[in-house]
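The structure appears right after this line, and notes come after that.
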Amino acid sequence: MEIKLMKNILGANDEIAAQNRKMFAARGVVVMNLMGSPGSGKTTLLEQTLTRLADKIKIAVIEGDLFTAKDAERIERAGVEVIQINTAGGCHLDAPMIQKAYASLDLNAVDLLIVENVGNLVCPAEFDIGENFKAVVLSITEGDDKPLKYPLIFKESATVVLNKTDLLPFTNFDLQSARRDLTTLHPSIKIFETSCTSGAGLDEWAAWLLERTAR
Amino acid sequence: MHEATLAESILNIALEAARQNHAAKIFKVGLTLGDMAGVEVEALTLAFDVLKKNTPANDARLAIKRVPVSAACNKCGKVFTLERYNFFCPECDGVLILQSGRELLVDFVDCE
């Protein structure tokens with residue numbers, strides 16, 4: 001016999017994500033899902049963000065990492081509460097992992113929760129964790145062809161941070177072409193150009209994030 | 001490589017449906033996958049074939065229907081099938097809103 005189902009394959013994850021989203025909204029927490037390739041500069045951008053915002057709003061961080069607590073230790077040094085999730089090889093964070101992680105946070109004392117996802121341009125885009133918006137970091141050394149090669153993550157993200165712009169003179173990365181591909185794929189995407197080495201663009205990025213949190 | 005997670009979820013949905021309908025054997029699991037759902041079918045099939053061993057789905061195969069990426073213009077309302085991910089309307093200055101292509105569904109389970 002044929003049983004008609006029409007069931008969402010990610011239904012179990014999406015259900016928990018909806019619960020997370022409800023919980024965050026009830027506690028007045030804005031959640032950003034920060035994604036990008038390994039080595040794109042997610043953690044460094046996060047450190048620079050904390051330097052600029054930690055005295056203005058209360059921020060907590062959930063760090064996704066395959067095996068180590070290296071990133072969490074870096075964030076802790078910035079004086080921000082951080083929860084480590086080790087996926088033990090898992091390529092993305094999912095909604096149940098986030099639900100478990102925030103159980104040990106006092107959400108009432110948090111304005112902005114930043115979730116640093118596992119370094120990966122594919123899988124994290126597929127899994128709703130209950131965030132308000134997704135952000136993706138694309139570094140100059142990865143190449144300007146990545147938006148069209150990994151369309152889903154750029155389509156899903158409210159903003160993209162083109163990071164390591166200080167390296168532009170040493171690569172063939174074409175900013176104009178990257179910007180064109182990003183807007184073609186996602187006409188309303190907000191694009192930032194940053195360098196955590198020179199500090200360029202970081203104030204604009206932090207101001208935007210502050211505005212999104214206060215909204 | 002989230003295909004293993006997806007395969008596990010597909011298997012659980014199929015096994016649950018079979019159990020509820022008192023079926024002992026699953027022959028086929030029908031899926032609908034959008035072209036923009038980020039699923040590598042080969043990896044999905046491989047993971048499914050490993051996970052199904054020694055379950056009622058031991059001999060089950062995946063029947064996969066793909067859905068092209070389509071989008072409708074927010075100004076002129078025309079619907080387009082997208083091959084390149086260009087979300088600007090080719091006929092006016094509107095922007096295309098995704099309509100299909102992100103599907104990840106278990107359509108049916110064939111069992112007895």
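Scheme for the structure tokens: letters A, B, ... for chains in order shown; per-chain residue numbers from 1; ligand numbers from 1 in order shown.
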
Next item on the list: When you get a sec, could you note down which chain B residues fall within 7 Å of chain A, using only C-alpha atoms, as a list in words?
Entry: Met1, His2, Leu6, Ser9, Ile10, Met36, Tyr85, Asn86, Phe87, Phe88, Leu104, Leu105, Val106, Asp107, Phe108, Val109, Asp110, Cys111 and Glu112 of chain B

Item checked: Contacts of Ala60 in chain A within 6 Å, only C-alpha atoms, excl. fewer than 4 positions in-chain, as an NGL selection string -> :A and (81-82 or 113)

May I have the residues from that selection written out with C-alpha atoms, as a compact mmCIF listing (two decimals), in the first residue's frame?
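Result file follows (result-v2.txt):
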# COMPACT_ATOMS: atom_id res chain seq x y z
CA GLU A 81 29.28 34.69 28.68
CA VAL A 82 29.92 31.89 26.22
CA LEU A 113 22.66 36.15 21.44

Checklist line | range 57-73 of chain B environment, 9 Å, only C-alpha atoms, sequence neighbours closer than 4 positions dropped, as a PyMOL selection string | finding: chain B and resi 11+14-15+24-36+41+45+48-49+51-53+77-83+85+87-89+92+94-103+110-111

Check: How would you write, as number ranges by chain, the set of residues in range 20-141 of chain A that DSSP gives as helix (DSSP H, G or I)?
Finding: A: 20-27, 42-53, 70-77, 95-102, 107-109, 123-126, 140-141

Next item on the list: Write out as a VMD selection string which residues come within 8 Å of Ala72 in chain A when counting only C-alpha atoms, dropping same-chain ones fewer than 2 positions away.
Entry: chain A and resid 63 69 to 70 74 to 76 82 to 84

C-alpha atoms of the current selection, written as a PDB file, in the first residue's frame:
ATOM      1  CA  GLU A  63      30.123  28.698  19.993  1.00  0.00           C
ATOM      2  CA  ALA A  69      36.967  25.049  22.871  1.00  0.00           C
ATOM      3  CA  LYS A  70      39.566  27.320  21.220  1.00  0.00           C
ATOM      4  CA  ARG A  74      38.878  33.609  22.836  1.00  0.00           C
ATOM      5  CA  ILE A  75      35.359  34.946  23.417  1.00  0.00           C
ATOM      6  CA  GLU A  76      35.571  34.372  27.157  1.00  0.00           C
ATOM      7  CA  VAL A  82      29.918  31.886  26.222  1.00  0.00           C
ATOM      8  CA  ILE A  83      28.526  28.381  25.854  1.00  0.00           C
ATOM      9  CA  GLN A  84      30.447  25.800  23.899  1.00  0.00           C
TER      10      GLN A  84
END

Next item on the list: Using DSSP on the backbone coordinates, identify all residues within chain B classified as strand (DSSP E or B); present the result as a VMD selection string.
Entry: chain B and resid 26 to 34 61 to 67 69 to 73 79 to 82 88 95 to 100 104 to 111

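Straight-line separation from CA of Ile13 in chain B to CA of Ile16 in chain A: 16.5 Å.
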